[in-house]
Number of protein chains: 4
Amino acid sequence: MRPVPPPGETATAFRIPVRVYFQDTDAGGIVYHARYLDYFERCRMDWLRACHGPVSRLAVDSGVLFIVRAVAIEYLAPARLDDDLEVSLAPADVRGAQLDLRQQVVRADTLLVDGRVQLACVSAAHLRPTRIPPSLRDSLSSRGSTHPSPACT
Amino acid sequence: MRPVPPPGETATAFRIPVRVYFQDTDAGGIVYHARYLDYFERCRMDWLRACHGPVSRLAVDSGVLFIVRAVAIEYLAPARLDDDLEVSLAPADVRGAQLDLRQQVVRADTLLVDGRVQLACVSAAHLRPTRIPPSLRDSLSSRGSTHPSPACT
Amino acid sequence: MRPVPPPGETATAFRIPVRVYFQDTDAGGIVYHARYLDYFERCRMDWLRACHGPVSRLAVDSGVLFIVRAVAIEYLAPARLDDDLEVSLAPADVRGAQLDLRQQVVRADTLLVDGRVQLACVSAAHLRPTRIPPSLRDSLSSRGSTHPSPACT
Amino acid sequence: MRPVPPPGETATAFRIPVRVYFQDTDAGGIVYHARYLDYFERCRMDWLRACHGPVSRLAVDSGVLFIVRAVAIEYLAPARLDDDLEVSLAPADVRGAQLDLRQQVVRADTLLVDGRVQLACVSAAHLRPTRIPPSLRDSLSSRGSTHPSPACT
C-alpha cells in the first residue's frame, strides 16, 4: 500500500473524521466506491464553513455557488465497516472561476483513496461561470493550504 | 416466509421491476434497509406519472406537492445482489389532504417487505396541508386500485 | 411544531450530532425522507460501540448479529442544508431476541422526526432468531436508558 | 453544451434507461454528482449480465471479481427531476487484469456526463489482481464494442 505523503506536504490540509457504517458498505464487504464522493463533500462543506460560514449563506452573501465540474479518483485500498477514517482537503489551485482541490482518505498510516476535485464558481442567479470573489478566494487559499492562516483555524 | 396476498387482492396494484445492484447492498450481504424507501419512491413517482404526468409538473399544474408524512415498514425476508424484485403500490385511502398507500416488495412468490406510506398534499406555495384537487384524487384512486380504470393504464 | 419531550424523559438517551450536507437533501430543498434511516443507523452503531465495541466484532465475540425487523417513522418538520441536528436513541424494550428502540431527530428545541426501530438478534451462523446474550442485554439496557450506567458512558 | 458523439462511434455501446427520482437529486435542484457513479454501476452490472450472467455468479463460475480501481468524470450539464436519461458503456481497453470502460450519460441529444472507469480483475479468494479469463475477456470485448457480437445481444 502507498504510504501517506510526508507530513510536510499536507500538514496544513483541512481534515475531518469519518466512521464507516453499514450504509456506506456493499455486499463485497467494503465501502462502496461512490460513497467516497459523499465523504469528500462533507469535508468540502466543513472547510467552506470554517472560513466563510454555512454554504447555504454563500449564495446570499456572495451571489455565487460552487458546482462540481470534474473528479478523478484512484482507489488504492478498501475501507471496511467500523473503520475510523480521516478525510482531507488541500487547495491545489484557485484562479478565475475554478477551484482545484486534492482530497484524500486515510486510515492510520495508509492512503486509501486519492482524489482531485474541480469546482466551478457560478453566479447563483444564472449558474454561469463567474470569478471567485477576491475576499472568498483569499480565505479559501489560506485555509487548508501550505500557508496556513492561524486566524482562520 | 409469508406468501404474497392472493392475486384477487392486489391484481390491480401498480408495479415496477427493480434489480438489486451493489449500491443497494451492505456488508451483511443483503439490501440495506433504507434502500427499500428508495424503491418505494420510484414506484410512487412512476404511478403519479402514469395518471397525471411527471411529478415536477404537479406543482405547476395543480399548485400542490406531496410530502412523506409517515412510513411503517416490516422487513420479512432479505433481498440480495442480482435479485429481480417487483415493487408495488395500492392506494389504501385517499381523502382530504391525506393519501395512504400500501407498498410492497416481492421476489417471485415471496413477500420481502410490507410497508405503509402516508403522504400529505401541501400547497406548493406555502407547504401547508391542502385538499387533494378532485380531478387528481379521482385519477389517483382509479389507478392502482381494486377498481382499475382502463383508460388510465 | 411539536416540542421535544421534557428533559426528564430522555435526558439519558444516547445522542450524536449530525450535520446536513447536499448528499442528504433532495430537489424539494429538504432532507430526503430515507436519509433519516441512515442517521438512525449511525446513532445505533455508535451506541453499540459505546458499550460493547465495534459492531463488526459482535459476531466474533457473541456469535450474534442485529438486523432491522421493522421501522415506524413520523416526519413532523423538515431539516435543511447546513442544519446541525441531534440524533438520539433510547431502548424501549429489550427481551428475548428482540430489541425495541425509540429514535428521534431534533434541531434546537424542535422534534423533526420521531421513530421506532425494532431489531432482531440473530445467530451469525444461520441468521435465525436467538436470545440476546445476557451480558450484552445488560449493557444495552443500561446505556441510553433512563437508568444510566456511568461506568458505560 | 457538447453534442453527443456521432452515431458511428458509439452505435454499439451498451445502453440502459435511467429515470431521475427525488432520491437522486439535491437541494441545488439537480442530480447529486455522486449519483452518476450509481447509474454507471447499474449499466456495468447489466452489461456483465448480458454476456455472462448475474455478477454474483461470476466468482463461482470464474473465480474472479471486478473492483473499481479508478474513475475520472466530467460533469458537462446537469440532469433534473423526472429526466429520462440514457446511460451507456463501451469497453475502451481489455487486457491483463485491467478493464477500461467509457461511460456516459445522455439526455436526448445532449451529453451530460462523460466518464472513464477502470476495473481490476481480482481473484475472489485473495482479492489479488489476476488475468481476466480468456472466455470472459472475449465476451466482454464483443459486447458493447465497435464490433458487436449479434449472438451476445
# chains A, B, ... in the order shown; residues from 1 in each chain; ligands from 1
call {"tool": "interface_residues", "arguments": {"of": "chain A", "to": "chain B", "cutoff": "6 Å", "atoms": "only C-alpha atoms", "output": "PDB file with all heavy atoms, in the first residue's frame"}}
result
ATOM      1  N   PHE A  22     -22.792   0.589   8.126  1.00  0.00           N
ATOM      2  CA  PHE A  22     -23.345  -0.345   7.135  1.00  0.00           C
ATOM      3  C   PHE A  22     -23.806   0.389   5.871  1.00  0.00           C
ATOM      4  O   PHE A  22     -23.654  -0.097   4.759  1.00  0.00           O
ATOM      5  CB  PHE A  22     -24.527  -1.120   7.736  1.00  0.00           C
ATOM      6  CG  PHE A  22     -24.140  -2.356   8.478  1.00  0.00           C
ATOM      7  CD1 PHE A  22     -24.184  -2.401   9.862  1.00  0.00           C
ATOM      8  CD2 PHE A  22     -23.702  -3.490   7.804  1.00  0.00           C
ATOM      9  CE1 PHE A  22     -23.815  -3.547  10.559  1.00  0.00           C
ATOM     10  CE2 PHE A  22     -23.334  -4.641   8.483  1.00  0.00           C
ATOM     11  CZ  PHE A  22     -23.385  -4.667   9.874  1.00  0.00           C
ATOM     12  N   THR A  25     -21.253   0.606   3.117  1.00  0.00           N
ATOM     13  CA  THR A  25     -20.609  -0.608   2.593  1.00  0.00           C
ATOM     14  C   THR A  25     -21.482  -1.291   1.543  1.00  0.00           C
ATOM     15  O   THR A  25     -22.650  -0.944   1.367  1.00  0.00           O
ATOM     16  CB  THR A  25     -20.362  -1.605   3.744  1.00  0.00           C
ATOM     17  OG1 THR A  25     -21.624  -1.945   4.336  1.00  0.00           O
ATOM     18  CG2 THR A  25     -19.462  -1.006   4.799  1.00  0.00           C
ATOM     19  N   ASP A  26     -20.891  -2.283   0.853  1.00  0.00           N
ATOM     20  CA  ASP A  26     -21.680  -3.069  -0.098  1.00  0.00           C
ATOM     21  C   ASP A  26     -21.453  -4.556   0.148  1.00  0.00           C
ATOM     22  O   ASP A  26     -20.727  -4.938   1.072  1.00  0.00           O
ATOM     23  CB  ASP A  26     -21.377  -2.659  -1.545  1.00  0.00           C
ATOM     24  CG  ASP A  26     -19.971  -3.029  -2.000  1.00  0.00           C
ATOM     25  OD1 ASP A  26     -19.341  -3.926  -1.400  1.00  0.00           O
ATOM     26  OD2 ASP A  26     -19.495  -2.430  -2.970  1.00  0.00           O
ATOM     27  N   ALA A  27     -22.083  -5.375  -0.676  1.00  0.00           N
ATOM     28  CA  ALA A  27     -22.052  -6.818  -0.461  1.00  0.00           C
ATOM     29  C   ALA A  27     -20.655  -7.416  -0.638  1.00  0.00           C
ATOM     30  O   ALA A  27     -20.424  -8.574  -0.293  1.00  0.00           O
ATOM     31  CB  ALA A  27     -23.046  -7.521  -1.400  1.00  0.00           C
ATOM     32  N   GLY A  29     -18.302  -6.333   1.069  1.00  0.00           N
ATOM     33  CA  GLY A  29     -17.724  -6.197   2.407  1.00  0.00           C
ATOM     34  C   GLY A  29     -16.875  -4.951   2.585  1.00  0.00           C
ATOM     35  O   GLY A  29     -16.244  -4.758   3.621  1.00  0.00           O
TER      36      GLY A  29
END
call {"tool": "residues_around", "arguments": {"residues": "Leu99 in chain B", "least_positions_apart": "2", "cutoff": "9 Å", "atoms": "only C-alpha atoms", "output": "tab-separated table (two decimals) with all heavy atoms, in the first residue's frame"}}
result
chain	number	residue	atom	x	y	z
B	66	PHE	N	-46.72	16.55	-2.90
B	66	PHE	CA	-46.93	15.50	-1.90
B	66	PHE	C	-45.64	15.35	-1.09
B	66	PHE	O	-44.56	15.26	-1.67
B	66	PHE	CB	-47.28	14.16	-2.55
B	66	PHE	CG	-48.68	14.11	-3.08
B	66	PHE	CD1	-48.94	14.24	-4.44
B	66	PHE	CD2	-49.75	13.96	-2.21
B	66	PHE	CE1	-50.23	14.21	-4.93
B	66	PHE	CE2	-51.06	13.92	-2.69
B	66	PHE	CZ	-51.30	14.05	-4.05
B	91	PRO	N	-53.37	2.28	-3.50
B	91	PRO	CA	-53.93	3.28	-2.60
B	91	PRO	C	-54.81	2.60	-1.57
B	91	PRO	O	-55.63	1.74	-1.91
B	91	PRO	CB	-54.76	4.18	-3.52
B	91	PRO	CG	-54.32	3.87	-4.90
B	91	PRO	CD	-53.85	2.45	-4.89
B	92	ALA	N	-54.62	2.94	-0.29
B	92	ALA	CA	-55.44	2.37	0.76
B	92	ALA	C	-56.54	3.34	1.16
B	92	ALA	O	-57.63	2.95	1.53
B	92	ALA	CB	-54.57	2.02	1.97
B	93	ASP	N	-56.23	4.63	1.06
B	93	ASP	CA	-57.20	5.65	1.46
B	93	ASP	C	-56.78	6.98	0.83
B	93	ASP	O	-55.61	7.33	0.86
B	93	ASP	CB	-57.25	5.77	2.99
B	93	ASP	CG	-58.52	6.47	3.45
B	93	ASP	OD1	-59.45	6.62	2.64
B	93	ASP	OD2	-58.57	6.87	4.62
B	94	VAL	N	-57.76	7.67	0.26
B	94	VAL	CA	-57.49	8.98	-0.34
B	94	VAL	C	-58.59	9.91	0.14
B	94	VAL	O	-59.75	9.73	-0.22
B	94	VAL	CB	-57.52	8.94	-1.88
B	94	VAL	CG1	-57.14	10.30	-2.47
B	94	VAL	CG2	-56.62	7.85	-2.42
B	95	ARG	N	-58.24	10.87	0.98
B	95	ARG	CA	-59.28	11.79	1.46
B	95	ARG	C	-58.64	13.03	2.06
B	95	ARG	O	-57.58	12.97	2.66
B	95	ARG	CB	-60.16	11.13	2.50
B	95	ARG	CG	-59.37	10.59	3.64
B	95	ARG	CD	-60.25	10.05	4.74
B	95	ARG	NE	-59.39	9.38	5.69
B	95	ARG	CZ	-59.80	8.90	6.85
B	95	ARG	NH1	-61.06	9.01	7.19
B	95	ARG	NH2	-58.96	8.33	7.69
B	96	GLY	N	-59.34	14.15	1.90
B	96	GLY	CA	-58.83	15.42	2.42
B	96	GLY	C	-57.47	15.71	1.84
B	96	GLY	O	-57.29	15.69	0.62
B	97	ALA	N	-56.50	15.95	2.71
B	97	ALA	CA	-55.15	16.25	2.26
B	97	ALA	C	-54.25	15.03	2.40
B	97	ALA	O	-53.04	15.15	2.26
B	97	ALA	CB	-54.59	17.41	3.09
B	101	LEU	N	-50.95	4.82	1.28
B	101	LEU	CA	-50.60	3.81	0.29
B	101	LEU	C	-50.09	2.55	0.97
B	101	LEU	O	-49.44	2.61	2.03
B	101	LEU	CB	-49.48	4.34	-0.62
B	101	LEU	CG	-49.72	5.67	-1.32
B	101	LEU	CD1	-48.44	6.10	-2.04
B	101	LEU	CD2	-50.87	5.56	-2.30
B	117	VAL	N	-47.26	3.86	3.57
B	117	VAL	CA	-46.68	5.19	3.40
B	117	VAL	C	-47.82	6.20	3.40
B	117	VAL	O	-48.79	6.03	2.65
B	117	VAL	CB	-45.88	5.29	2.08
B	117	VAL	CG1	-45.34	6.70	1.88
B	117	VAL	CG2	-44.74	4.27	2.07
B	118	GLN	N	-47.71	7.21	4.26
B	118	GLN	CA	-48.73	8.25	4.31
B	118	GLN	C	-48.17	9.53	3.72
B	118	GLN	O	-47.15	10.04	4.19
B	118	GLN	CB	-49.15	8.49	5.76
B	118	GLN	CG	-50.31	9.44	5.91
B	118	GLN	CD	-50.63	9.68	7.37
B	118	GLN	OE1	-50.39	10.75	7.92
B	118	GLN	NE2	-51.16	8.67	8.03
B	119	LEU	N	-48.83	10.02	2.68
B	119	LEU	CA	-48.40	11.26	2.05
B	119	LEU	C	-49.35	12.38	2.45
B	119	LEU	O	-50.55	12.15	2.65
B	119	LEU	CB	-48.42	11.12	0.52
B	119	LEU	CG	-47.57	10.01	-0.09
B	119	LEU	CD1	-47.77	10.00	-1.60
B	119	LEU	CD2	-46.09	10.21	0.24
B	120	ALA	N	-48.83	13.59	2.54
B	120	ALA	CA	-49.66	14.76	2.77
B	120	ALA	C	-49.61	15.64	1.53
B	120	ALA	O	-48.54	15.85	0.96
B	120	ALA	CB	-49.17	15.54	3.98
B	121	CYS	N	-50.77	16.10	1.10
B	121	CYS	CA	-50.84	17.04	-0.02
B	121	CYS	C	-50.67	18.45	0.57
B	121	CYS	O	-51.40	18.82	1.50
B	121	CYS	CB	-52.20	16.91	-0.71
B	121	CYS	SG	-52.39	17.97	-2.15
B	132	ILE	N	-56.52	17.44	-1.63
B	132	ILE	CA	-56.09	16.94	-2.93
B	132	ILE	C	-57.12	17.41	-3.96
B	132	ILE	O	-58.32	17.20	-3.77
B	132	ILE	CB	-56.02	15.40	-2.92
B	132	ILE	CG1	-55.02	14.93	-1.85
B	132	ILE	CG2	-55.64	14.87	-4.29
B	132	ILE	CD1	-55.03	13.43	-1.62
call {"tool": "atom_distance", "arguments": {"atom1": "CA of Leu85 in chain C", "atom2": "CA of Ala90 in chain A"}}
result
27.1 Å
call {"tool": "residues_around", "arguments": {"residues": "range 106-108 of chain B", "least_positions_apart": "4", "cutoff": "8 Å", "atoms": "only C-alpha atoms", "output": "count of residues only"}}
result
9
call {"tool": "atom_distance", "arguments": {"atom1": "CA of Phe14 in chain D", "atom2": "CA of Val60 in chain D"}}
result
24.7 Å
call {"tool": "atom_distance", "arguments": {"atom1": "CA of Ile16 in chain A", "atom2": "CA of Trp47 in chain A"}}
result
9.1 Å
call {"tool": "closest_residue", "arguments": {"among": "C:Ser123, C:Ser141, C:Gln103, C:Ser62", "to": "Phe40 in chain C", "atoms": "only C-alpha atoms"}}
result
C:Gln103
call {"tool": "select_by_dssp", "arguments": {"residues": "chain A", "states": "alpha helix (DSSP H)", "output": "ChimeraX atom specification"}}
result
/A:7-10,35-51,58-62,134-142
call {"tool": "select_by_dssp", "arguments": {"residues": "range 36-92 of chain D", "states": "strand (DSSP E)", "output": "list in words"}}
result
Val64, Leu65, Phe66, Ile67, Val68, Arg69, Ala70, Val71, Ala72, Ile73, Glu74, Tyr75, Asp84, Leu85, Glu86, Val87, Ser88, Leu89, Ala90, Pro91 and Ala92 of chain D
